[in-house]
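Next comes my_file10.pdb, with PDB, C-alpha atoms, pLDDT in the B column.
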ATOM      1  CA  MET O   1     180.300  80.684 104.096  1.00 48.00           C
ATOM      2  CA  LYS O   2     177.161  82.759 104.632  1.00 50.00           C
ATOM      3  CA  VAL O   3     176.088  80.505 107.531  1.00 50.00           C
ATOM      4  CA  VAL O   4     179.541  80.878 109.128  1.00 53.00           C
ATOM      5  CA  ARG O   5     179.290  84.675 108.890  1.00 55.00           C
ATOM      6  CA  ILE O   6     175.844  84.615 110.515  1.00 54.00           C
ATOM      7  CA  ILE O   7     177.127  82.477 113.401  1.00 54.00           C
ATOM      8  CA  LEU O   8     180.170  84.713 113.912  1.00 53.00           C
ATOM      9  CA  PHE O   9     178.041  87.872 114.046  1.00 60.00           C
ATOM     10  CA  SER O  10     175.252  86.289 116.129  1.00 79.00           C
ATOM     11  CA  PRO O  11     176.858  83.799 118.531  1.00 87.00           C
ATOM     12  CA  LEU O  12     174.099  84.276 121.146  1.00 92.00           C
ATOM     13  CA  ALA O  13     171.394  83.549 118.551  1.00 93.00           C
ATOM     14  CA  PHE O  14     173.274  80.424 117.438  1.00 91.00           C
ATOM     15  CA  ILE O  15     173.537  79.135 121.015  1.00 93.00           C
ATOM     16  CA  ARG O  16     169.853  79.875 121.558  1.00 95.00           C
ATOM     17  CA  LEU O  17     168.838  78.030 118.405  1.00 93.00           C
ATOM     18  CA  LEU O  18     170.769  74.940 119.515  1.00 94.00           C
ATOM     19  CA  LEU O  19     169.141  75.103 122.960  1.00 95.00           C
ATOM     20  CA  VAL O  20     165.676  75.509 121.389  1.00 93.00           C
ATOM     21  CA  LEU O  21     166.215  72.352 119.321  1.00 90.00           C
ATOM     22  CA  ILE O  22     167.652  70.394 122.252  1.00 93.00           C
ATOM     23  CA  SER O  23     164.864  71.504 124.609  1.00 93.00           C
ATOM     24  CA  THR O  24     162.186  70.607 122.056  1.00 89.00           C
ATOM     25  CA  LEU O  25     163.704  67.148 121.532  1.00 88.00           C
ATOM     26  CA  ILE O  26     164.033  66.490 125.280  1.00 92.00           C
ATOM     27  CA  PHE O  27     160.479  67.481 126.227  1.00 91.00           C
ATOM     28  CA  SER O  28     158.941  65.730 123.221  1.00 87.00           C
ATOM     29  CA  THR O  29     160.844  62.520 123.980  1.00 89.00           C
ATOM     30  CA  ILE O  30     159.897  62.552 127.674  1.00 92.00           C
ATOM     31  CA  ALA O  31     156.251  63.141 126.769  1.00 90.00           C
ATOM     32  CA  LEU O  32     156.287  60.375 124.159  1.00 87.00           C
ATOM     33  CA  VAL O  33     157.710  57.850 126.656  1.00 91.00           C
ATOM     34  CA  TRP O  34     155.188  59.020 129.263  1.00 92.00           C
ATOM     35  CA  MET O  35     152.336  58.526 126.789  1.00 89.00           C
ATOM     36  CA  LYS O  36     153.610  55.065 125.817  1.00 89.00           C
ATOM     37  CA  THR O  37     153.577  53.931 129.462  1.00 91.00           C
ATOM     38  CA  SER O  38     150.442  55.621 130.843  1.00 89.00           C
ATOM     39  CA  GLY O  39     148.538  56.986 127.833  1.00 87.00           C
ATOM     40  CA  PHE O  40     147.686  60.544 126.881  1.00 84.00           C
ATOM     41  CA  SER O  41     146.252  62.832 129.587  1.00 86.00           C
ATOM     42  CA  ARG O  42     145.851  66.488 130.426  1.00 86.00           C
ATOM     43  CA  LYS O  43     148.642  66.046 132.983  1.00 89.00           C
ATOM     44  CA  VAL O  44     151.066  64.934 130.249  1.00 88.00           C
ATOM     45  CA  GLN O  45     149.947  67.706 127.903  1.00 88.00           C
ATOM     46  CA  ARG O  46     150.084  70.472 130.538  1.00 89.00           C
ATOM     47  CA  TRP O  47     153.503  69.402 131.817  1.00 92.00           C
ATOM     48  CA  THR O  48     154.985  69.099 128.321  1.00 90.00           C
ATOM     49  CA  MET O  49     153.595  72.316 126.844  1.00 90.00           C
ATOM     50  CA  GLY O  50     154.094  74.392 129.996  1.00 92.00           C
ATOM     51  CA  ASN O  51     157.697  73.395 130.639  1.00 94.00           C
ATOM     52  CA  TRP O  52     158.627  73.471 126.945  1.00 93.00           C
ATOM     53  CA  GLY O  53     157.125  76.936 126.509  1.00 93.00           C
ATOM     54  CA  ARG O  54     158.710  78.370 129.658  1.00 95.00           C
ATOM     55  CA  SER O  55     162.117  76.904 128.808  1.00 95.00           C
ATOM     56  CA  LEU O  56     162.062  78.378 125.280  1.00 95.00           C
ATOM     57  CA  THR O  57     160.822  81.727 126.572  1.00 96.00           C
ATOM     58  CA  TRP O  58     163.771  81.810 128.972  1.00 97.00           C
ATOM     59  CA  ILE O  59     166.262  80.562 126.364  1.00 97.00           C
ATOM     60  CA  CYS O  60     165.213  83.288 123.899  1.00 96.00           C
ATOM     61  CA  GLY O  61     165.564  86.024 126.515  1.00 96.00           C
ATOM     62  CA  ILE O  62     161.875  86.951 126.458  1.00 96.00           C
ATOM     63  CA  ARG O  63     160.789  89.115 129.393  1.00 96.00           C
ATOM     64  CA  LEU O  64     157.036  89.150 129.897  1.00 94.00           C
ATOM     65  CA  GLU O  65     154.757  91.789 131.355  1.00 92.00           C
ATOM     66  CA  LYS O  66     151.420  90.001 131.836  1.00 84.00           C
ATOM     67  CA  LYS O  67     147.934  90.611 133.229  1.00 75.00           C
ATOM     68  CA  ALA O  68     144.987  88.429 134.290  1.00 69.00           C
ATOM     69  CA  PHE O  69     145.263  84.750 133.440  1.00 72.00           C
ATOM     70  CA  PRO O  70     142.064  82.911 132.466  1.00 72.00           C
ATOM     71  CA  GLU O  71     141.003  80.603 135.326  1.00 67.00           C
ATOM     72  CA  ASP O  72     138.729  78.158 133.482  1.00 64.00           C
ATOM     73  CA  SER O  73     140.204  75.451 131.214  1.00 67.00           C
ATOM     74  CA  ASN O  74     136.987  75.306 129.161  1.00 81.00           C
ATOM     75  CA  PHE O  75     137.793  77.874 126.479  1.00 88.00           C
ATOM     76  CA  ILE O  76     139.167  78.682 123.053  1.00 90.00           C
ATOM     77  CA  LEU O  77     141.992  81.218 123.235  1.00 93.00           C
ATOM     78  CA  MET O  78     141.969  83.737 120.358  1.00 94.00           C
ATOM     79  CA  SER O  79     145.230  85.644 119.998  1.00 96.00           C
ATOM     80  CA  ASN O  80     146.705  88.087 117.559  1.00 96.00           C
ATOM     81  CA  HIS O  81     149.757  86.623 115.832  1.00 95.00           C
ATOM     82  CA  ARG O  82     153.100  88.417 115.549  1.00 95.00           C
ATOM     83  CA  SER O  83     155.743  85.691 115.477  1.00 93.00           C
ATOM     84  CA  TYR O  84     156.713  82.062 116.081  1.00 90.00           C
ATOM     85  CA  LEU O  85     157.681  83.385 119.513  1.00 94.00           C
ATOM     86  CA  ASP O  86     153.937  83.679 120.268  1.00 94.00           C
ATOM     87  CA  ILE O  87     153.751  79.881 120.370  1.00 90.00           C
ATOM     88  CA  PHE O  88     156.529  79.624 122.983  1.00 92.00           C
ATOM     89  CA  ILE O  89     154.868  82.318 125.101  1.00 94.00           C
ATOM     90  CA  ILE O  90     151.340  80.903 124.955  1.00 93.00           C
ATOM     91  CA  ALA O  91     152.572  77.353 125.644  1.00 91.00           C
ATOM     92  CA  GLY O  92     154.342  78.561 128.783  1.00 92.00           C
ATOM     93  CA  LEU O  93     151.498  80.725 130.083  1.00 92.00           C
ATOM     94  CA  THR O  94     148.424  78.783 128.933  1.00 89.00           C
ATOM     95  CA  PRO O  95     149.347  75.208 127.930  1.00 88.00           C
ATOM     96  CA  SER O  96     146.830  74.442 125.200  1.00 89.00           C
ATOM     97  CA  ALA O  97     146.235  72.519 122.007  1.00 88.00           C
ATOM     98  CA  MET O  98     147.333  74.718 119.112  1.00 85.00           C
ATOM     99  CA  VAL O  99     145.424  74.809 115.824  1.00 83.00           C
ATOM    100  CA  GLY O 100     147.874  75.196 112.949  1.00 72.00           C
ATOM    101  CA  LYS O 101     148.417  74.599 109.254  1.00 70.00           C
ATOM    102  CA  ALA O 102     148.747  71.010 108.026  1.00 61.00           C
ATOM    103  CA  GLU O 103     152.239  71.835 106.676  1.00 62.00           C
ATOM    104  CA  ILE O 104     153.609  71.867 110.248  1.00 60.00           C
ATOM    105  CA  ALA O 105     153.626  68.058 110.218  1.00 55.00           C
ATOM    106  CA  LYS O 106     156.405  68.244 107.593  1.00 60.00           C
ATOM    107  CA  TRP O 107     158.689  70.360 109.816  1.00 59.00           C
ATOM    108  CA  PRO O 108     161.579  68.709 111.711  1.00 55.00           C
ATOM    109  CA  MET O 109     160.012  67.125 114.837  1.00 56.00           C
ATOM    110  CA  GLY O 110     156.728  68.769 113.809  1.00 58.00           C
ATOM    111  CA  LYS O 111     154.639  65.595 113.820  1.00 62.00           C
ATOM    112  CA  LEU O 112     156.066  64.469 117.166  1.00 64.00           C
ATOM    113  CA  ALA O 113     155.441  67.888 118.725  1.00 67.00           C
ATOM    114  CA  MET O 114     151.846  67.927 117.464  1.00 68.00           C
ATOM    115  CA  THR O 115     151.200  64.467 118.931  1.00 70.00           C
ATOM    116  CA  VAL O 116     152.474  65.132 122.447  1.00 71.00           C
ATOM    117  CA  SER O 117     150.839  68.577 122.640  1.00 74.00           C
ATOM    118  CA  ASN O 118     147.443  67.306 121.362  1.00 77.00           C
ATOM    119  CA  SER O 119     147.570  70.075 118.775  1.00 79.00           C
ATOM    120  CA  ILE O 120     145.291  70.133 115.735  1.00 78.00           C
ATOM    121  CA  LEU O 121     146.368  70.490 112.120  1.00 74.00           C
ATOM    122  CA  VAL O 122     143.903  71.798 109.538  1.00 73.00           C
ATOM    123  CA  ASP O 123     143.897  72.046 105.753  1.00 68.00           C
ATOM    124  CA  ARG O 124     141.850  75.211 105.148  1.00 64.00           C
ATOM    125  CA  LYS O 125     141.176  74.210 101.527  1.00 66.00           C
ATOM    126  CA  ASN O 126     139.572  70.929 102.583  1.00 64.00           C
ATOM    127  CA  THR O 127     135.984  71.103 103.907  1.00 61.00           C
ATOM    128  CA  GLY O 128     136.320  67.661 105.498  1.00 63.00           C
ATOM    129  CA  SER O 129     139.410  68.850 107.372  1.00 63.00           C
ATOM    130  CA  LEU O 130     137.498  71.839 108.763  1.00 69.00           C
ATOM    131  CA  ILE O 131     134.690  69.591 110.026  1.00 73.00           C
ATOM    132  CA  ASN O 132     137.256  67.271 111.624  1.00 78.00           C
ATOM    133  CA  THR O 133     138.931  70.284 113.228  1.00 77.00           C
ATOM    134  CA  MET O 134     135.634  71.282 114.850  1.00 76.00           C
ATOM    135  CA  LYS O 135     135.257  67.762 116.230  1.00 79.00           C
ATOM    136  CA  LYS O 136     138.811  67.738 117.625  1.00 82.00           C
ATOM    137  CA  ILE O 137     138.345  71.141 119.285  1.00 82.00           C
ATOM    138  CA  LYS O 138     135.214  69.867 121.054  1.00 81.00           C
ATOM    139  CA  GLU O 139     137.070  66.735 122.188  1.00 82.00           C
ATOM    140  CA  SER O 140     140.049  68.737 123.457  1.00 84.00           C
ATOM    141  CA  VAL O 141     137.953  71.161 125.515  1.00 83.00           C
ATOM    142  CA  SER O 142     135.871  68.278 126.912  1.00 80.00           C
ATOM    143  CA  GLN O 143     139.161  66.799 128.199  1.00 81.00           C
ATOM    144  CA  GLY O 144     139.900  70.070 130.005  1.00 84.00           C
ATOM    145  CA  ILE O 145     142.496  71.092 127.419  1.00 86.00           C
ATOM    146  CA  PRO O 146     141.926  74.629 126.084  1.00 89.00           C
ATOM    147  CA  VAL O 147     142.543  75.318 122.391  1.00 89.00           C
ATOM    148  CA  THR O 148     144.496  78.224 120.888  1.00 91.00           C
ATOM    149  CA  LEU O 149     143.579  79.730 117.519  1.00 90.00           C
ATOM    150  CA  PHE O 150     145.201  82.599 115.614  1.00 92.00           C
ATOM    151  CA  PRO O 151     142.194  84.147 113.785  1.00 91.00           C
ATOM    152  CA  GLU O 152     144.354  86.337 111.515  1.00 91.00           C
ATOM    153  CA  GLY O 153     145.509  83.118 109.856  1.00 85.00           C
ATOM    154  CA  THR O 154     149.086  84.415 109.561  1.00 87.00           C
ATOM    155  CA  THR O 155     151.562  86.679 111.340  1.00 90.00           C
ATOM    156  CA  TYR O 156     151.069  90.440 111.137  1.00 92.00           C
ATOM    157  CA  LYS O 157     153.306  93.309 112.270  1.00 91.00           C
ATOM    158  CA  GLY O 158     150.426  95.531 113.430  1.00 86.00           C
ATOM    159  CA  PRO O 159     150.062  97.910 115.182  1.00 93.00           C
ATOM    160  CA  LEU O 160     146.574  96.368 115.624  1.00 95.00           C
ATOM    161  CA  THR O 161     145.113  93.201 114.062  1.00 96.00           C
ATOM    162  CA  LYS O 162     144.773  91.977 110.512  1.00 93.00           C
ATOM    163  CA  THR O 163     141.297  90.998 109.200  1.00 92.00           C
ATOM    164  CA  PHE O 164     140.120  87.822 110.956  1.00 92.00           C
ATOM    165  CA  LYS O 165     139.231  84.606 109.116  1.00 86.00           C
ATOM    166  CA  ASN O 166     135.640  83.376 109.493  1.00 82.00           C
ATOM    167  CA  GLY O 167     136.344  79.676 110.026  1.00 76.00           C
ATOM    168  CA  SER O 168     137.553  79.746 113.618  1.00 77.00           C
ATOM    169  CA  PHE O 169     134.571  81.829 114.736  1.00 87.00           C
ATOM    170  CA  LYS O 170     132.119  79.524 112.990  1.00 83.00           C
ATOM    171  CA  ILE O 171     133.665  76.688 114.985  1.00 78.00           C
ATOM    172  CA  ALA O 172     133.306  78.638 118.239  1.00 82.00           C
ATOM    173  CA  ALA O 173     129.698  79.619 117.468  1.00 88.00           C
ATOM    174  CA  GLU O 174     128.787  76.014 116.605  1.00 83.00           C
ATOM    175  CA  THR O 175     130.393  74.518 119.701  1.00 80.00           C
ATOM    176  CA  GLY O 176     129.232  77.175 122.175  1.00 84.00           C
ATOM    177  CA  ILE O 177     132.682  77.174 123.787  1.00 86.00           C
ATOM    178  CA  PRO O 178     133.665  80.519 125.404  1.00 90.00           C
ATOM    179  CA  LEU O 179     136.281  82.593 123.550  1.00 93.00           C
ATOM    180  CA  ILE O 180     138.992  84.398 125.499  1.00 94.00           C
ATOM    181  CA  PRO O 181     140.735  87.176 123.537  1.00 95.00           C
ATOM    182  CA  MET O 182     144.482  87.554 124.043  1.00 96.00           C
ATOM    183  CA  ALA O 183     146.762  90.403 122.977  1.00 96.00           C
ATOM    184  CA  ILE O 184     150.501  90.039 122.373  1.00 96.00           C
ATOM    185  CA  GLN O 185     152.667  93.098 121.764  1.00 96.00           C
ATOM    186  CA  TYR O 186     156.440  93.207 121.233  1.00 96.00           C
ATOM    187  CA  GLN O 187     158.381  96.277 122.340  1.00 95.00           C
ATOM    188  CA  ASP O 188     160.671  95.816 119.332  1.00 95.00           C
ATOM    189  CA  ILE O 189     158.397  95.761 116.275  1.00 93.00           C
ATOM    190  CA  GLU O 190     161.110  93.898 114.343  1.00 93.00           C
ATOM    191  CA  ASP O 191     160.485  90.847 116.550  1.00 93.00           C
ATOM    192  CA  ALA O 192     157.439  90.262 114.349  1.00 92.00           C
ATOM    193  CA  TRP O 193     158.111  87.520 111.790  1.00 91.00           C
ATOM    194  CA  VAL O 194     156.198  88.448 108.652  1.00 87.00           C
ATOM    195  CA  ASP O 195     156.126  88.368 104.840  1.00 81.00           C
ATOM    196  CA  ASP O 196     158.863  86.357 103.101  1.00 84.00           C
ATOM    197  CA  ASP O 197     161.403  86.578 105.918  1.00 87.00           C
ATOM    198  CA  THR O 198     162.861  83.120 106.587  1.00 86.00           C
ATOM    199  CA  PHE O 199     162.877  81.625 110.080  1.00 87.00           C
ATOM    200  CA  LEU O 200     166.670  81.355 110.336  1.00 86.00           C
ATOM    201  CA  ALA O 201     167.317  84.879 109.025  1.00 87.00           C
ATOM    202  CA  HIS O 202     164.814  86.339 111.465  1.00 91.00           C
ATOM    203  CA  PHE O 203     165.995  84.253 114.418  1.00 93.00           C
ATOM    204  CA  PHE O 204     169.664  85.148 113.947  1.00 90.00           C
ATOM    205  CA  ARG O 205     168.787  88.822 113.440  1.00 89.00           C
ATOM    206  CA  GLN O 206     166.438  89.248 116.409  1.00 91.00           C
ATOM    207  CA  MET O 207     167.544  86.651 118.941  1.00 93.00           C
ATOM    208  CA  GLY O 208     171.101  87.979 119.006  1.00 91.00           C
ATOM    209  CA  LYS O 209     170.045  90.708 121.428  1.00 92.00           C
ATOM    210  CA  PRO O 210     170.094  89.898 125.173  1.00 92.00           C
ATOM    211  CA  VAL O 211     166.426  90.578 125.951  1.00 94.00           C
ATOM    212  CA  SER O 212     163.107  90.915 124.109  1.00 95.00           C
ATOM    213  CA  HIS O 213     160.287  92.659 126.004  1.00 96.00           C
ATOM    214  CA  VAL O 214     156.728  91.427 125.420  1.00 96.00           C
ATOM    215  CA  LYS O 215     153.394  92.530 126.894  1.00 95.00           C
ATOM    216  CA  ILE O 216     150.546  90.053 127.348  1.00 95.00           C
ATOM    217  CA  GLN O 217     146.918  90.661 128.240  1.00 94.00           C
ATOM    218  CA  TYR O 218     143.799  88.456 128.346  1.00 94.00           C
ATOM    219  CA  GLY O 219     140.266  89.734 127.768  1.00 93.00           C
ATOM    220  CA  LYS O 220     136.946  88.595 129.224  1.00 90.00           C
ATOM    221  CA  PRO O 221     135.214  85.432 127.901  1.00 91.00           C
ATOM    222  CA  ILE O 222     132.840  85.944 124.949  1.00 93.00           C
ATOM    223  CA  ILE O 223     129.963  83.587 124.029  1.00 92.00           C
ATOM    224  CA  ASP O 224     127.541  83.985 121.121  1.00 92.00           C
ATOM    225  CA  SER O 225     125.825  81.702 118.602  1.00 91.00           C
ATOM    226  CA  ASP O 226     126.395  84.251 115.812  1.00 93.00           C
ATOM    227  CA  TYR O 227     129.929  83.883 114.468  1.00 92.00           C
ATOM    228  CA  LYS O 228     129.938  87.436 113.081  1.00 94.00           C
ATOM    229  CA  VAL O 229     129.185  88.844 116.534  1.00 94.00           C
ATOM    230  CA  LEU O 230     131.942  86.689 118.019  1.00 94.00           C
ATOM    231  CA  GLN O 231     134.361  87.865 115.350  1.00 95.00           C
ATOM    232  CA  THR O 232     133.554  91.551 115.860  1.00 96.00           C
ATOM    233  CA  LYS O 233     133.654  91.444 119.674  1.00 96.00           C
ATOM    234  CA  THR O 234     136.886  89.435 119.762  1.00 96.00           C
ATOM    235  CA  ARG O 235     138.694  91.720 117.346  1.00 96.00           C
ATOM    236  CA  GLU O 236     137.498  94.823 119.194  1.00 97.00           C
ATOM    237  CA  SER O 237     138.705  93.354 122.496  1.00 96.00           C
ATOM    238  CA  ILE O 238     142.168  92.464 121.147  1.00 97.00           C
ATOM    239  CA  ASP O 239     142.580  95.814 119.367  1.00 97.00           C
ATOM    240  CA  ASN O 240     141.567  97.708 122.520  1.00 96.00           C
ATOM    241  CA  MET O 241     144.130  95.786 124.580  1.00 96.00           C
ATOM    242  CA  LEU O 242     146.815  96.451 121.960  1.00 96.00           C
ATOM    243  CA  ARG O 243     146.026 100.174 122.078  1.00 95.00           C
ATOM    244  CA  GLU O 244     146.523 100.153 125.858  1.00 91.00           C
ATOM    245  CA  MET O 245     149.947  98.503 125.639  1.00 85.00           C
TER     246      MET O 245
END

Take the structure in this file and express it as structure tokens.
Amino acid sequence: MKVVRIILFSPLAFIRLLLVLISTLIFSTIALVWMKTSGFSRKVQRWTMGNWGRSLTWICGIRLEKKAFPEDSNFILMSNHRSYLDIFIIAGLTPSAMVGKAEIAKWPMGKLAMTVSNSILVDRKNTGSLINTMKKIKESVSQGIPVTLFPEGTTYKGPLTKTFKNGSFKIAAETGIPLIPMAIQYQDIEDAWVDDDTFLAHFFRQMGKPVSHVKIQYGKPIIDSDYKVLQTKTRESIDNMLREM
């Protein structure tokens, strides 16, 4: 009964959710067939992530105001994290391998999506998993596939950033791969998906409106062998961009 009430009061959100699921299934299936016939490649990954991200951005009514795309593919993208919508946006703008929690593999179509996108799952409590993550990030960048990390480790409403985790910066310092800071800011602060709010409750509440306005900005590449310096400079860059938005 509760689900019926939600659908009745948020018909646009319901239609969007169905289209998100259908789009995800279509692009994942096409990519899987493509990989079975010709193997994995950057072309497959870029096409899948880019078109999937742009289609979901359009489906969800997200209108982007963006500045300065990174030109090189040899980088780790470090972004603040507001919502699951961030993933759609980044996939569409900068098709990359996402680093996420191991639990994602248990989500519906999660394992399939991770395979075709070349994304990396990490168990932060497992030291061996962290070492393997570092190896996979190196391999991804060497293939010309950038990697996206959310250094806050979880979503955060803002207005600036939450304290960054050390692990991702240790990986960047060890590999010597340039970091590119990225700032994401939603005009409607309630678009942030945080705390104990469930995905469905948030989606039906926020995606029932016609349009969601989002500002995007990329910073300059940062390289340093000291992970603390990387962490400080990256956070300062993202916070400064958020202040300007």

Quick one: which residues end up in the PyMOL selection byres ((chain O and resi 174-181) around 6) for this structure, as a compact mmCIF listing (two decimals) with C-alpha atoms, in the frame of the given file?
# COMPACT_ATOMS: atom_id res chain seq x y z
CA PHE O 75 137.79 77.87 126.48
CA ILE O 76 139.17 78.68 123.05
CA LEU O 77 141.99 81.22 123.24
CA MET O 78 141.97 83.74 120.36
CA SER O 79 145.23 85.64 120.00
CA ILE O 171 133.66 76.69 114.98
CA ALA O 172 133.31 78.64 118.24
CA ALA O 173 129.70 79.62 117.47
CA MET O 182 144.48 87.55 124.04
CA TYR O 218 143.80 88.46 128.35
CA GLY O 219 140.27 89.73 127.77
CA LYS O 220 136.95 88.60 129.22
CA PRO O 221 135.21 85.43 127.90
CA ILE O 222 132.84 85.94 124.95
CA ILE O 223 129.96 83.59 124.03
CA THR O 234 136.89 89.44 119.76
CA ILE O 238 142.17 92.46 121.15

Tell me, as an MDAnalysis selection string, which residues lie within 10 Å of Pro151 (chain O), counting all atoms listed in the file; anything in the same chain fewer than 6 positions away does not count. chainID O and resid 77:81 161:169 231 234:235

Applied to this file, what does the PyMOL selection byres ((chain O and resi 54) around 9) return in terms of residues, put as an NGL selection string? :O and (49-53 or 55-59 or 88-89 or 91-93)

Explicit residue set for the PyMOL selection byres ((chain O and resi 64) around 8), as a ChimeraX atom specification: /O:62-63,65-66,213-216

Residues near Lys157 (chain O), anyone? I mean within 8 Å using only C-alpha atoms, not counting same-chain ones fewer than 4 positions away, as a PyMOL selection string. chain O and resi 82+189+192-194

Would you list the residues near (175.2, 88.0, 119.9), meaning any protein, DNA or RNA residue with an atom at most 12 Å from that point in file coordinates, counting all atoms listed in the file, as a list in words? Ile6, Ile7, Leu8, Phe9, Ser10, Pro11, Leu12, Ala13, Phe14, Ile15, Arg16, Leu17, Cys60, Gly61, Phe203, Phe204, Arg205, Gln206, Met207, Gly208, Lys209, Pro210 and Val211 of chain O

Can you take the partial region 203-223 of chain O, add N, CA and C atoms, and return it as a compact mmCIF listing (two decimals), in the frame of the given file?
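Everything below was put into out-v3.txt:
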# COMPACT_ATOMS: atom_id res chain seq x y z
N PHE O 203 165.52 84.69 113.11
CA PHE O 203 166.00 84.25 114.42
C PHE O 203 167.39 84.80 114.70
N PHE O 204 168.30 84.67 113.73
CA PHE O 204 169.66 85.15 113.95
C PHE O 204 169.72 86.67 114.06
N ARG O 205 168.82 87.36 113.39
CA ARG O 205 168.79 88.82 113.44
C ARG O 205 168.23 89.34 114.76
N GLN O 206 167.15 88.72 115.24
CA GLN O 206 166.44 89.25 116.41
C GLN O 206 166.83 88.60 117.73
N MET O 207 167.22 87.34 117.70
CA MET O 207 167.54 86.65 118.94
C MET O 207 169.00 86.82 119.35
N GLY O 208 169.73 87.67 118.63
CA GLY O 208 171.10 87.98 119.01
C GLY O 208 171.17 89.03 120.09
N LYS O 209 170.05 89.70 120.37
CA LYS O 209 170.04 90.71 121.43
C LYS O 209 169.74 90.03 122.77
N PRO O 210 170.23 90.58 123.87
CA PRO O 210 170.09 89.90 125.17
C PRO O 210 168.65 89.65 125.60
N VAL O 211 167.78 90.66 125.41
CA VAL O 211 166.43 90.58 125.95
C VAL O 211 165.41 91.08 124.94
N SER O 212 164.24 90.43 124.90
CA SER O 212 163.11 90.92 124.11
C SER O 212 161.93 91.12 125.07
N HIS O 213 161.38 92.33 125.09
CA HIS O 213 160.29 92.66 126.00
C HIS O 213 158.94 92.47 125.31
N VAL O 214 158.04 91.74 125.99
CA VAL O 214 156.73 91.43 125.42
C VAL O 214 155.64 91.67 126.46
N LYS O 215 154.55 92.31 126.02
CA LYS O 215 153.39 92.53 126.89
C LYS O 215 152.27 91.57 126.51
N ILE O 216 151.62 91.02 127.53
CA ILE O 216 150.55 90.05 127.35
C ILE O 216 149.32 90.50 128.13
N GLN O 217 148.16 90.36 127.51
CA GLN O 217 146.92 90.66 128.24
C GLN O 217 145.78 89.77 127.74
N TYR O 218 144.96 89.28 128.68
CA TYR O 218 143.80 88.46 128.35
C TYR O 218 142.52 89.27 128.54
N GLY O 219 141.55 89.06 127.64
CA GLY O 219 140.27 89.73 127.77
C GLY O 219 139.24 88.86 128.48
N LYS O 220 138.03 89.34 128.58
CA LYS O 220 136.95 88.60 129.22
C LYS O 220 136.34 87.59 128.25
N PRO O 221 135.82 86.45 128.77
CA PRO O 221 135.21 85.43 127.90
C PRO O 221 134.05 85.98 127.09
N ILE O 222 133.92 85.52 125.85
CA ILE O 222 132.84 85.94 124.95
C ILE O 222 132.12 84.70 124.45
N ILE O 223 130.78 84.70 124.53
CA ILE O 223 129.96 83.59 124.03
C ILE O 223 128.85 84.16 123.16
